[in-house]
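S.K.: Sharing work.tsv below, TSV, C-alpha atoms and all ligand atoms:
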```tsv
chain	number	residue	atom	x	y	z
A	1	MET	CA	70.48	-14.58	-7.71
A	2	THR	CA	68.01	-14.65	-4.88
A	3	GLN	CA	65.82	-17.70	-4.96
A	4	VAL	CA	62.07	-17.05	-4.76
A	5	ILE	CA	59.80	-19.94	-3.80
A	6	ARG	CA	56.05	-19.59	-4.14
A	7	LEU	CA	54.12	-21.24	-1.29
A	8	ASP	CA	50.48	-21.66	-0.34
A	9	PRO	CA	50.14	-20.10	3.15
A	10	ALA	CA	47.36	-22.59	3.94
A	11	LEU	CA	49.58	-25.58	3.18
A	12	PRO	CA	53.27	-24.74	2.72
A	13	ARG	CA	55.38	-27.55	1.25
A	14	GLN	CA	57.58	-29.06	3.95
A	15	GLU	CA	60.67	-29.52	1.76
A	16	ALA	CA	60.67	-25.80	0.91
A	17	ILE	CA	60.19	-24.88	4.57
A	18	ASP	CA	63.08	-27.16	5.54
A	19	LEU	CA	65.32	-25.52	2.94
A	20	GLY	CA	64.55	-22.09	4.46
A	21	ALA	CA	65.17	-23.48	7.95
A	22	SER	CA	68.58	-24.85	6.97
A	23	ILE	CA	69.57	-21.45	5.52
A	24	ILE	CA	68.57	-19.80	8.83
A	25	ARG	CA	70.53	-22.39	10.83
A	26	ASP	CA	73.57	-21.78	8.61
A	27	GLY	CA	73.46	-18.05	9.40
A	28	GLY	CA	71.72	-16.94	6.19
A	29	LEU	CA	68.82	-14.56	5.53
A	30	VAL	CA	65.31	-15.70	4.56
A	31	ALA	CA	62.40	-13.35	3.79
A	32	PHE	CA	58.93	-14.68	4.59
A	33	PRO	CA	55.33	-13.47	4.82
A	34	THR	CA	53.62	-12.89	8.15
A	35	GLU	CA	49.99	-11.84	8.59
A	36	THR	CA	51.16	-8.20	8.97
A	37	VAL	CA	54.01	-7.53	6.50
A	38	TYR	CA	56.91	-9.55	5.05
A	39	GLY	CA	59.85	-10.01	7.42
A	40	LEU	CA	63.55	-10.55	6.76
A	41	GLY	CA	64.69	-13.32	9.08
A	42	ALA	CA	67.95	-14.45	10.68
A	43	ASP	CA	68.78	-16.76	13.61
A	44	ALA	CA	68.14	-14.57	16.68
A	45	MET	CA	70.81	-16.44	18.68
A	46	ASN	CA	73.56	-15.93	16.05
A	47	GLU	CA	75.27	-12.54	16.36
A	48	THR	CA	77.02	-12.78	12.97
A	49	ALA	CA	73.75	-13.59	11.18
A	50	VAL	CA	71.97	-10.72	12.93
A	51	GLN	CA	74.69	-8.27	11.93
A	52	LYS	CA	74.37	-9.44	8.33
A	53	LEU	CA	70.66	-8.68	8.58
A	54	PHE	CA	71.28	-5.11	9.81
A	55	ARG	CA	73.69	-4.56	6.88
A	56	ALA	CA	71.28	-5.99	4.28
A	57	LYS	CA	68.55	-3.54	5.33
A	58	ARG	CA	71.00	-0.70	6.03
A	59	ARG	CA	69.26	-0.47	9.36
A	60	PRO	CA	70.69	1.82	12.06
A	61	ALA	CA	72.29	-0.33	14.79
A	62	ASP	CA	70.29	1.45	17.53
A	63	ASN	CA	66.97	0.13	16.22
A	64	PRO	CA	66.22	-3.26	17.86
A	65	LEU	CA	64.53	-6.22	16.12
A	66	ILE	CA	61.46	-8.31	16.87
A	67	VAL	CA	62.13	-11.97	17.69
A	68	HIS	CA	59.60	-14.44	16.25
A	69	VAL	CA	58.84	-17.65	18.15
A	70	SER	CA	56.65	-20.67	17.43
A	71	ASP	CA	55.92	-21.97	20.94
A	72	ARG	CA	56.06	-21.23	24.62
A	73	ASP	CA	59.45	-22.88	25.29
A	74	MET	CA	61.00	-20.76	22.59
A	75	LEU	CA	59.51	-17.64	24.21
A	76	ASP	CA	61.11	-18.62	27.52
A	77	SER	CA	64.48	-19.09	25.79
A	78	VAL	CA	64.52	-15.43	24.68
A	79	ALA	CA	62.49	-13.58	27.33
A	80	ALA	CA	61.93	-13.66	31.07
A	81	GLY	CA	59.48	-12.10	33.46
A	82	VAL	CA	56.21	-12.75	31.64
A	83	THR	CA	53.70	-11.15	34.02
A	84	PRO	CA	50.20	-12.54	34.66
A	85	GLN	CA	49.00	-9.76	32.33
A	86	GLY	CA	51.42	-11.01	29.68
A	87	GLU	CA	50.08	-14.54	30.10
A	88	ARG	CA	46.52	-13.36	29.50
A	89	LEU	CA	47.52	-11.41	26.40
A	90	ILE	CA	49.45	-14.38	25.00
A	91	GLY	CA	46.45	-16.62	25.63
A	92	ARG	CA	44.16	-14.24	23.80
A	93	PHE	CA	46.23	-12.81	20.93
A	94	TRP	CA	48.99	-15.30	20.03
A	95	PRO	CA	49.62	-16.36	17.40
A	96	GLY	CA	48.82	-12.94	15.91
A	97	PRO	CA	49.83	-9.31	15.34
A	98	LEU	CA	50.86	-8.45	18.92
A	99	THR	CA	54.52	-7.92	19.90
A	100	LEU	CA	55.42	-7.90	23.60
A	101	VAL	CA	58.47	-6.14	25.01
A	102	LEU	CA	59.83	-8.26	27.87
A	103	LYS	CA	63.02	-8.77	29.86
A	104	ARG	CA	65.75	-10.16	27.60
A	105	GLN	CA	67.52	-13.50	28.16
A	106	PRO	CA	71.31	-13.26	27.83
A	107	GLU	CA	71.45	-15.95	25.07
A	108	VAL	CA	69.79	-13.65	22.54
A	109	ALA	CA	72.31	-12.14	20.09
A	110	ARG	CA	73.39	-8.77	21.47
A	111	SER	CA	72.53	-6.58	18.52
A	112	VAL	CA	68.94	-7.90	18.36
A	113	SER	CA	68.12	-5.65	21.33
A	114	ALA	CA	70.47	-2.83	20.27
A	115	GLY	CA	71.89	-2.68	23.78
A	116	LEU	CA	68.55	-2.55	25.61
A	117	PRO	CA	67.87	-4.89	28.57
A	118	SER	CA	64.56	-5.85	26.90
A	119	VAL	CA	63.55	-7.90	23.88
A	120	ALA	CA	60.48	-7.63	21.62
A	121	VAL	CA	58.80	-10.99	20.88
A	122	ARG	CA	55.85	-12.17	18.84
A	123	MET	CA	54.33	-15.39	17.54
A	124	PRO	CA	53.10	-14.86	13.98
A	125	SER	CA	49.97	-16.66	12.74
A	126	ASN	CA	50.96	-16.98	9.08
A	127	LYS	CA	51.66	-20.69	8.57
A	128	ILE	CA	54.71	-20.16	6.37
A	129	ALA	CA	56.30	-18.08	9.15
A	130	LEU	CA	55.28	-20.47	11.94
A	131	GLU	CA	56.45	-23.59	10.11
A	132	LEU	CA	59.75	-21.92	9.20
A	133	ILE	CA	60.47	-21.10	12.87
A	134	LYS	CA	59.42	-24.61	13.96
A	135	SER	CA	61.62	-26.28	11.37
A	136	ALA	CA	64.61	-24.01	12.18
A	137	ARG	CA	64.20	-24.89	15.89
A	138	THR	CA	65.54	-21.44	16.74
A	139	PRO	CA	63.84	-18.08	17.30
A	140	ILE	CA	64.00	-15.85	14.21
A	141	ALA	CA	64.82	-12.15	14.45
A	142	ALA	CA	62.89	-10.41	11.69
A	143	PRO	CA	62.38	-6.74	10.99
A	144	SER	CA	60.12	-5.81	8.11
A	145	GLY	CA	61.78	-6.86	4.84
A	146	ASN	CA	62.14	-3.38	3.30
A	147	ALA	CA	65.26	-1.28	2.93
A	148	SER	CA	65.44	0.96	6.01
A	149	GLY	CA	63.16	3.99	5.66
A	150	ARG	CA	61.02	2.55	2.82
A	151	PRO	CA	57.41	1.36	3.21
A	152	SER	CA	57.16	-2.19	4.63
A	153	PRO	CA	56.67	-4.97	2.05
A	154	THR	CA	53.21	-6.48	1.67
A	155	ILE	CA	54.09	-8.70	-1.32
A	156	ALA	CA	57.26	-10.67	-2.11
A	157	ALA	CA	58.09	-8.37	-5.06
A	158	HIS	CA	58.54	-5.44	-2.63
A	159	VAL	CA	61.28	-7.39	-0.80
A	160	LEU	CA	62.98	-8.21	-4.09
A	161	GLU	CA	62.75	-4.56	-5.18
A	162	ASP	CA	64.42	-3.27	-1.97
A	163	LEU	CA	66.85	-6.01	-0.99
A	164	GLY	CA	67.42	-7.92	-4.24
A	165	ASP	CA	70.45	-10.19	-3.95
A	166	ARG	CA	71.16	-9.35	-0.30
A	167	VAL	CA	68.71	-12.12	0.71
A	168	ASP	CA	69.37	-15.85	0.29
A	169	LEU	CA	65.76	-16.95	-0.15
A	170	ILE	CA	62.33	-15.31	-0.37
A	171	PHE	CA	59.12	-17.21	0.35
A	172	ASP	CA	56.30	-15.74	-1.72
A	173	GLY	CA	53.04	-16.40	0.08
A	174	GLY	CA	50.97	-13.76	-1.74
A	175	PRO	CA	49.75	-10.47	-0.26
A	176	THR	CA	49.75	-10.20	3.54
A	177	SER	CA	46.29	-10.06	5.11
A	178	ILE	CA	46.68	-7.11	7.53
A	179	GLY	CA	49.16	-4.89	5.67
A	180	ILE	CA	50.65	-2.85	8.54
A	181	GLU	CA	53.09	-3.93	11.25
A	182	SER	CA	52.15	-5.51	14.59
A	183	THR	CA	51.13	-3.65	17.71
A	184	VAL	CA	54.16	-3.25	20.00
A	185	LEU	CA	53.27	-3.32	23.72
A	186	ASP	CA	55.87	-2.69	26.42
A	187	LEU	CA	55.19	-4.93	29.41
A	188	THR	CA	58.27	-3.80	31.33
A	189	THR	CA	56.44	-0.67	32.50
A	190	GLU	CA	53.38	-0.23	34.70
A	191	PRO	CA	50.89	0.43	33.24
A	192	PRO	CA	51.89	-1.33	30.01
A	193	MET	CA	52.47	1.05	27.14
A	194	ILE	CA	51.73	0.85	23.41
A	195	LEU	CA	54.90	1.84	21.56
A	196	ARG	CA	53.43	1.24	18.10
A	197	PRO	CA	49.70	0.90	17.36
A	198	GLY	CA	48.57	-1.99	15.16
A	199	ALA	CA	45.70	-4.35	14.39
A	200	VAL	CA	45.40	-5.34	18.06
A	201	THR	CA	43.94	-2.05	19.27
A	202	ARG	CA	44.23	-0.32	22.63
A	203	GLU	CA	40.56	-1.14	23.34
A	204	MET	CA	41.20	-4.83	22.66
A	205	LEU	CA	44.18	-4.84	25.04
A	206	MET	CA	42.28	-2.97	27.77
A	207	GLU	CA	39.47	-5.47	27.59
A	208	ILE	CA	41.93	-8.18	28.67
A	209	ILE	CA	44.29	-6.39	31.12
A	210	GLY	CA	42.72	-3.06	32.09
A	211	ARG	CA	44.74	0.12	31.89
A	212	VAL	CA	47.08	0.48	28.91
A	213	ASP	CA	48.78	3.74	27.97
A	214	GLN	CA	49.61	4.97	24.50
A	215	ALA	CA	53.13	6.38	24.11
A	216	THR	CA	52.98	9.88	22.72
A	217	SER	CA	55.55	12.17	24.31
A	218	GLY	CA	59.17	12.21	23.18
A	219	GLU	CA	60.25	10.50	26.37
A	220	HIS	CA	57.97	7.52	25.80
A	221	LEU	CA	58.78	7.28	22.13
A	222	GLY	CA	62.44	7.06	23.13
A	223	ARG	CA	61.64	3.58	24.43
A	224	SER	CA	60.93	2.30	20.94
A	225	PRO	CA	64.01	3.40	19.08
A	226	GLY	CA	62.46	2.53	15.70
A	227	THR	CA	59.88	5.27	16.07
A	228	ARG	CA	62.66	7.89	16.08
A	229	HIS	CA	63.83	7.04	12.58
A	230	GLN	CA	62.32	8.21	9.29
A	231	HIS	CA	59.71	5.66	8.30
A	232	TYR	CA	57.34	4.39	5.67
A	233	SER	CA	58.51	6.88	3.09
A	234	PRO	CA	58.03	6.63	-0.64
A	235	ARG	CA	60.17	8.85	-2.86
A	236	ALA	CA	57.33	11.28	-3.53
A	237	ARG	CA	56.37	13.92	-0.97
A	238	VAL	CA	53.41	12.76	1.09
A	239	LEU	CA	50.73	15.29	2.01
A	240	LEU	CA	48.30	14.19	4.72
A	241	VAL	CA	44.85	15.77	4.73
A	242	GLU	CA	43.31	15.18	8.17
A	243	HIS	CA	39.89	13.60	7.87
A	244	ASP	CA	38.01	16.58	9.30
A	245	SER	CA	39.91	19.14	7.25
A	246	PRO	CA	37.58	21.72	5.73
A	247	GLU	CA	39.72	21.99	2.61
A	248	SER	CA	38.41	20.07	-0.35
A	249	ILE	CA	40.47	17.07	-1.48
A	250	GLU	CA	39.70	17.88	-5.08
A	251	LEU	CA	40.98	21.44	-4.77
A	252	ILE	CA	44.16	20.31	-3.01
A	253	CYS	CA	44.88	17.72	-5.72
A	254	ARG	CA	44.23	20.23	-8.51
A	255	GLU	CA	46.64	22.70	-6.94
A	256	ARG	CA	49.37	20.08	-6.60
A	257	LEU	CA	48.94	19.02	-10.21
A	258	THR	CA	50.63	22.28	-11.21
A	259	GLU	CA	53.86	20.84	-9.71
A	260	GLY	CA	53.70	17.49	-11.57
A	261	ALA	CA	52.00	14.10	-11.32
A	262	VAL	CA	49.80	13.57	-8.25
A	263	GLY	CA	48.68	10.38	-6.57
A	264	PHE	CA	45.69	10.24	-4.26
A	265	ILE	CA	44.89	7.56	-1.66
A	266	GLY	CA	41.55	7.93	0.09
A	267	HIS	CA	37.78	7.45	0.05
A	268	THR	CA	36.55	10.84	-1.22
A	269	ARG	CA	35.78	10.95	-4.94
A	270	ALA	CA	38.00	13.44	-6.73
A	271	ALA	CA	36.62	13.97	-10.24
A	272	ILE	CA	39.77	15.15	-11.97
A	273	ASP	CA	40.37	14.14	-15.56
A	274	ASP	CA	44.13	14.32	-16.01
A	275	ASP	CA	46.72	11.79	-17.29
A	276	GLU	CA	48.98	12.83	-14.42
A	277	PHE	CA	46.41	12.09	-11.70
A	278	PHE	CA	46.31	8.59	-10.18
A	279	VAL	CA	43.70	7.44	-7.67
A	280	ILE	CA	43.83	4.48	-5.30
A	281	GLU	CA	40.49	4.14	-3.56
A	282	VAL	CA	40.30	2.76	-0.03
A	283	GLY	CA	37.14	2.32	2.03
A	284	SER	CA	37.33	0.96	5.58
A	285	ALA	CA	40.33	1.15	7.95
A	286	ASP	CA	41.03	-2.54	7.21
A	287	ASP	CA	41.06	-1.79	3.53
A	288	TYR	CA	43.36	1.20	4.06
A	289	ALA	CA	45.81	-0.86	6.15
A	290	ARG	CA	45.98	-3.60	3.51
A	291	ALA	CA	46.43	-1.22	0.58
A	292	LEU	CA	48.58	1.60	1.99
A	293	TYR	CA	52.19	0.44	1.54
A	294	GLY	CA	51.59	-1.11	-1.87
A	295	ALA	CA	49.80	2.06	-2.96
A	296	LEU	CA	52.70	4.30	-1.89
A	297	ARG	CA	55.13	2.15	-3.89
A	298	GLU	CA	52.84	1.99	-6.92
A	299	LEU	CA	52.36	5.76	-7.02
A	300	ASP	CA	56.13	6.21	-6.77
A	301	GLN	CA	56.54	3.96	-9.78
A	302	LYS	CA	53.99	5.99	-11.73
A	303	GLY	CA	56.17	9.03	-11.14
A	304	ALA	CA	53.97	10.95	-8.69
A	305	ARG	CA	55.74	14.03	-7.31
A	306	VAL	CA	53.19	14.42	-4.55
A	307	ILE	CA	51.00	11.78	-2.92
A	308	VAL	CA	47.90	13.15	-1.18
A	309	VAL	CA	46.66	10.77	1.53
A	310	GLU	CA	43.28	11.26	3.13
A	311	GLY	CA	43.10	10.75	6.89
A	312	ILE	CA	40.45	8.60	8.58
A	313	SER	CA	38.83	8.49	12.01
A	314	GLU	CA	41.11	7.11	14.75
A	315	ASP	CA	38.52	4.61	16.00
A	316	GLY	CA	39.72	1.02	16.31
A	317	LYS	CA	42.28	0.11	13.66
A	318	GLY	CA	42.04	3.67	12.28
A	319	ALA	CA	44.56	4.75	14.97
A	320	ALA	CA	47.23	2.45	13.53
A	321	VAL	CA	46.54	3.62	9.96
A	322	MET	CA	46.75	7.28	11.04
A	323	ASP	CA	50.03	6.58	12.86
A	324	ARG	CA	51.56	5.28	9.60
A	325	LEU	CA	50.11	8.14	7.53
A	326	ARG	CA	51.60	10.71	9.93
A	327	ARG	CA	55.01	9.06	9.78
A	328	ALA	CA	54.98	8.96	5.98
A	329	ALA	CA	53.80	12.56	5.62
A	330	SER	CA	56.12	15.51	5.20
A	331	GLU	CA	53.21	17.96	5.28
A	332	VAL	CA	49.83	17.94	7.06
A	333	ILE	CA	46.69	19.93	6.24
A	334	GLU	CA	44.36	20.16	9.24
B	1	LIG	O1	54.50	-6.90	12.12
B	1	LIG	C1	55.67	-6.79	12.49
B	1	LIG	O2	55.97	-6.50	13.65
B	1	LIG	C2	56.78	-7.06	11.45
B	1	LIG	C3	56.73	-8.54	11.08
B	1	LIG	C4	57.85	-8.93	10.15
B	1	LIG	O3	56.71	-9.31	12.24
B	1	LIG	N1	58.06	-6.67	11.95
B	1	LIG	C5	58.42	-5.37	12.12
B	1	LIG	O4	59.72	-5.19	12.55
B	1	LIG	O5	57.67	-4.44	11.91
B	1	LIG	P1	60.46	-3.78	12.53
B	1	LIG	O6	61.87	-4.10	12.86
B	1	LIG	O7	60.23	-3.13	11.25
B	1	LIG	O8	59.86	-3.00	13.74
B	1	LIG	C6	60.18	-3.36	15.05
B	1	LIG	C7	59.73	-2.30	16.01
B	1	LIG	C8	60.60	-1.06	15.93
B	1	LIG	O9	59.79	0.09	16.06
B	1	LIG	C9	61.52	-1.26	17.13
B	1	LIG	O10	62.04	-0.04	17.62
B	1	LIG	C10	60.60	-1.93	18.13
B	1	LIG	O11	59.82	-2.80	17.35
B	1	LIG	N2	61.36	-2.71	19.11
B	1	LIG	C11	62.08	-3.84	18.91
B	1	LIG	N3	62.66	-4.25	20.04
B	1	LIG	C12	62.31	-3.38	21.01
B	1	LIG	C13	62.60	-3.26	22.40
B	1	LIG	N4	63.38	-4.14	23.03
B	1	LIG	N5	62.04	-2.23	23.06
B	1	LIG	C14	61.25	-1.34	22.44
B	1	LIG	N6	60.94	-1.39	21.12
B	1	LIG	C15	61.47	-2.40	20.41
B	2	MG	MG	60.17	-1.82	9.76
```
Please rewrite the model in this file as structure tokens.
Ligand code: TXA
Ligand code: MG

M.R.:
Amino acid sequence: MTQVIRLDPALPRQEAIDLGASIIRDGGLVAFPTETVYGLGADAMNETAVQKLFRAKRRPADNPLIVHVSDRDMLDSVAAGVTPQGERLIGRFWPGPLTLVLKRQPEVARSVSAGLPSVAVRMPSNKIALELIKSARTPIAAPSGNASGRPSPTIAAHVLEDLGDRVDLIFDGGPTSIGIESTVLDLTTEPPMILRPGAVTREMLMEIIGRVDQATSGEHLGRSPGTRHQHYSPRARVLLVEHDSPESIELICRERLTEGAVGFIGHTRAAIDDDEFFVIEVGSADDYARALYGALRELDQKGARVIVVEGISEDGKGAAVMDRLRRAASEVIE
């Protein structure tokens, strides 16, 4: 049985943290909350532990992991070539939801980088995560703690649902505050390139270092192998309605109800009185980010055949939310 320990993220109990740290040091797997989503952690310097992690998630071996560090020395032990731009970004956004792709140090377990000469690194701000890394005294490789292809976990129960007894210990620190994964910024290219949008937006990055590109074309996406794989998918079919679509949400939902139960995630009121129609209302982009993955899982559990998601404007954090909606969707109405 997987052990689940409930912790207050403001003041995690040291003896629990030390237990998690000893499991990591012994080559085990510990799931823990970060400010973005829950991660599944293993010692980033231990190849056997990292391979166990790939197996537990059923993650394709060509999709590299993010290494989590708790201080500057630890960063230098896994990555080299931090540019002056990198230094400024670290000063401004760490600890926090920004992952930097840097030159990899040879001591990092090989499969962490999936054969790439680079390594992705971030310093999380969630105290449970930070204290766990500190106590383990080793960098922790941690992908999101979902089974590969499923929506990322935003509560401990999602990890348990997907990975059950394939994890040694789960720290339950309540719901994560941001709800979608970190921004991934490649600093090995000039100009730096966003491989995955997140809560640290392009505008925020440009304010600190000037020009930053957003990867869009197939060639650029090839740099972040994870973006090639199927992602964020519930079992139901997801239908994305772009936010400026002229088609009425209510009409679309009514039509889909002829196929079976329908879930709707969005801000427009759909006045449909039907036992098979489930609504999860989201307002701002922040709200949407926090609620999205849990909502997809919940609607799956309710038996929705189709989940209609309403797009939002791509301003600020909206870009990251739209990125996840597009990846989850199998159909788009523009
Ligand atoms: O918020 C987050 O980043 C969460 C929490 C747990 O920290 N982690 C997370 O990990 O989302 P994961 O494995 O689900 O996503 C890692 C992403 C993938 O898209 C992967 O391809 C990319 O980072 N990545 C990792 N290493 C890379 C590298 N060396 N070069 C380019 N992309 C890399
Ligand atoms: Mg993931």

S.K.: Got a sec: who's within 6 Å of segment 97-107 of chain A, counting only C-alpha atoms, leaving out chain neighbours fewer than 2 positions off, as a ChimeraX atom specification?

M.R.: /A:78-80,117-122,182-188

S.K.: Near Ala42 of chain A, counting all atoms listed in the file, which residues have an atom at most 6 Å away, once you skip same-chain residues fewer than 5 positions from it, shown as a VMD selection string?

M.R.: chain A and resid 24 29 49 to 50 140 to 141

S.K.: Pick from A:Arg6, A:His243, A:His158, A:Lys317: nearest to Ile180 of chain A, with only C-alpha atoms counted?

M.R.: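 Using only C-alpha atoms, the shortest distance to Ile180 of chain A belongs to A:Lys317.
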
S.K.: Point out the residue among A:Ser284, A:Ser148, A:Gln301, A:Gln85 with the least atom-to-atom distance to ligand LIG 1 (chain B), counting only C-alpha atoms and all ligand atoms.

M.R.: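 Counting only C-alpha atoms and all ligand atoms, the residue closest to ligand LIG 1 (chain B) is A:Ser148.
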
S.K.: So how far away is atom CA of Asp162 of chain A from atom CA of Ile17 of chain A, in Å?

M.R.: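 That distance, rounded to one decimal, is 23.0 Å.
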
S.K.: Which residues come within 12 Å of Ile312 of chain A, counting all atoms listed in the file, excluding same-chain residues fewer than 6 positions away, as number ranges by chain?

M.R.: A: 240-245, 265-268, 282-289, 318-326

S.K.: Provide the atom CA of Ala236 of chain A to atom CA of Val306 of chain A distance in Å, to one decimal place.

M.R.: 5.3 Å

S.K.: Let me make sure I understand: among A:Gly173, A:Gly179, A:Gly27, A:Pro139, which one has the smallest atom-to-atom distance to ligand LIG 1 (chain B) if we use only C-alpha atoms and all ligand atoms?

M.R.: A:Gly179

S.K.: To test the calculation: enclose all listed atoms of ligand LIG 1 (chain B) in a box whose edges run along x, y and z, add 3 Å on each side, then state centre and edge lengths in Å to one decimal, as lines of an AutoDock Vina configuration file.

M.R.:
```
center_x = 58.9
center_y = -4.6
center_z = 16.6
size_x = 14.9
size_y = 15.4
size_z = 18.9
```

S.K.: Let me make sure I understand: among A:Pro234, A:Gly145, A:Pro64, A:Gly174, which one has the smallest atom-to-atom distance to Leu160 of chain A if we use only C-alpha atoms?

M.R.: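 Of all the options, A:Gly145 lies closest to Leu160 of chain A.
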
S.K.: Return the single residue from A:Ile333, A:Ala271, A:Ile249, A:Val238 that is closest to Ala304 of chain A, with distances computed using all atoms listed in the file.

M.R.: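 Distance minimum relative to Ala304 of chain A lands on A:Val238.
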
S.K.: Can you work out which one of A:Pro124, A:Gly311, A:Gly81, A:Gly260 has the shortest atom-to-atom distance to ligand LIG 1 (chain B), counting all atoms listed in the file?

M.R.: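 For ligand LIG 1 (chain B), the nearest of the given residues is A:Pro124.
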
S.K.: Would you compute the distance between atom CA of Leu296 of chain A and atom CA of Ala61 of chain A? Give it in Å to one decimal.

M.R.: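 These two atoms are separated by 26.1 Å.
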
S.K.: Please identify all polymer residues within 10 Å of segment 163-167 of chain A, counting only C-alpha atoms, omitting same-chain residues fewer than 2 positions from it, and present them as a PDB file with C-alpha atoms, keeping the file's coordinate frame.

M.R.:
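Saved the output as result-v3.pdb:
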```
ATOM      1  CA  MET A   1      70.480 -14.580  -7.710  1.00  0.00           C
ATOM      2  CA  THR A   2      68.010 -14.650  -4.880  1.00  0.00           C
ATOM      3  CA  GLN A   3      65.820 -17.700  -4.960  1.00  0.00           C
ATOM      4  CA  VAL A   4      62.070 -17.050  -4.760  1.00  0.00           C
ATOM      5  CA  GLY A  28      71.720 -16.940   6.190  1.00  0.00           C
ATOM      6  CA  LEU A  29      68.820 -14.560   5.530  1.00  0.00           C
ATOM      7  CA  VAL A  30      65.310 -15.700   4.560  1.00  0.00           C
ATOM      8  CA  ALA A  31      62.400 -13.350   3.790  1.00  0.00           C
ATOM      9  CA  LEU A  40      63.550 -10.550   6.760  1.00  0.00           C
ATOM     10  CA  GLY A  41      64.690 -13.320   9.080  1.00  0.00           C
ATOM     11  CA  LYS A  52      74.370  -9.440   8.330  1.00  0.00           C
ATOM     12  CA  LEU A  53      70.660  -8.680   8.580  1.00  0.00           C
ATOM     13  CA  ARG A  55      73.690  -4.560   6.880  1.00  0.00           C
ATOM     14  CA  ALA A  56      71.280  -5.990   4.280  1.00  0.00           C
ATOM     15  CA  LYS A  57      68.550  -3.540   5.330  1.00  0.00           C
ATOM     16  CA  ARG A  58      71.000  -0.700   6.030  1.00  0.00           C
ATOM     17  CA  GLY A 145      61.780  -6.860   4.840  1.00  0.00           C
ATOM     18  CA  ASN A 146      62.140  -3.380   3.300  1.00  0.00           C
ATOM     19  CA  ALA A 147      65.260  -1.280   2.930  1.00  0.00           C
ATOM     20  CA  SER A 148      65.440   0.960   6.010  1.00  0.00           C
ATOM     21  CA  ALA A 157      58.090  -8.370  -5.060  1.00  0.00           C
ATOM     22  CA  HIS A 158      58.540  -5.440  -2.630  1.00  0.00           C
ATOM     23  CA  VAL A 159      61.280  -7.390  -0.800  1.00  0.00           C
ATOM     24  CA  LEU A 160      62.980  -8.210  -4.090  1.00  0.00           C
ATOM     25  CA  GLU A 161      62.750  -4.560  -5.180  1.00  0.00           C
ATOM     26  CA  LEU A 169      65.760 -16.950  -0.150  1.00  0.00           C
ATOM     27  CA  ILE A 170      62.330 -15.310  -0.370  1.00  0.00           C
TER      28      ILE A 170
END
```

S.K.: What residues of the protein or nucleic acid chains come within 7 Å of ligand MG 2 (chain B) when you use only C-alpha atoms and all ligand atoms? Reply as a list in words.

M.R.: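 Residues lying within 7 Å of ligand MG 2 (chain B): Pro143, Ser144, Asn146 and Ser152 of chain A.
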
S.K.: Give as a PyMOL selection string the set of residues within 12 Å of the point (54.0, -20.2, 15.1), where distances use the file's coordinates and all atoms listed in the file.

M.R.: chain A and resi 34-35+67-75+94-97+121-140

S.K.: Can you tell me, as a PDB file with C-alpha atoms, in the frame of the given file, what residues are no more than 10 Å from Leu257 of chain A when counting all atoms listed in the file, ignoring any on the same chain fewer than 6 positions away?

M.R.:
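Below you can see part29.pdb, which holds the result:
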```
ATOM      1  CA  LEU A 251      40.980  21.440  -4.770  1.00  0.00           C
ATOM      2  CA  GLY A 263      48.680  10.380  -6.570  1.00  0.00           C
ATOM      3  CA  ASP A 274      44.130  14.320 -16.010  1.00  0.00           C
ATOM      4  CA  GLU A 276      48.980  12.830 -14.420  1.00  0.00           C
ATOM      5  CA  PHE A 277      46.410  12.090 -11.700  1.00  0.00           C
ATOM      6  CA  ALA A 304      53.970  10.950  -8.690  1.00  0.00           C
ATOM      7  CA  ARG A 305      55.740  14.030  -7.310  1.00  0.00           C
ATOM      8  CA  VAL A 306      53.190  14.420  -4.550  1.00  0.00           C
TER       9      VAL A 306
END
```
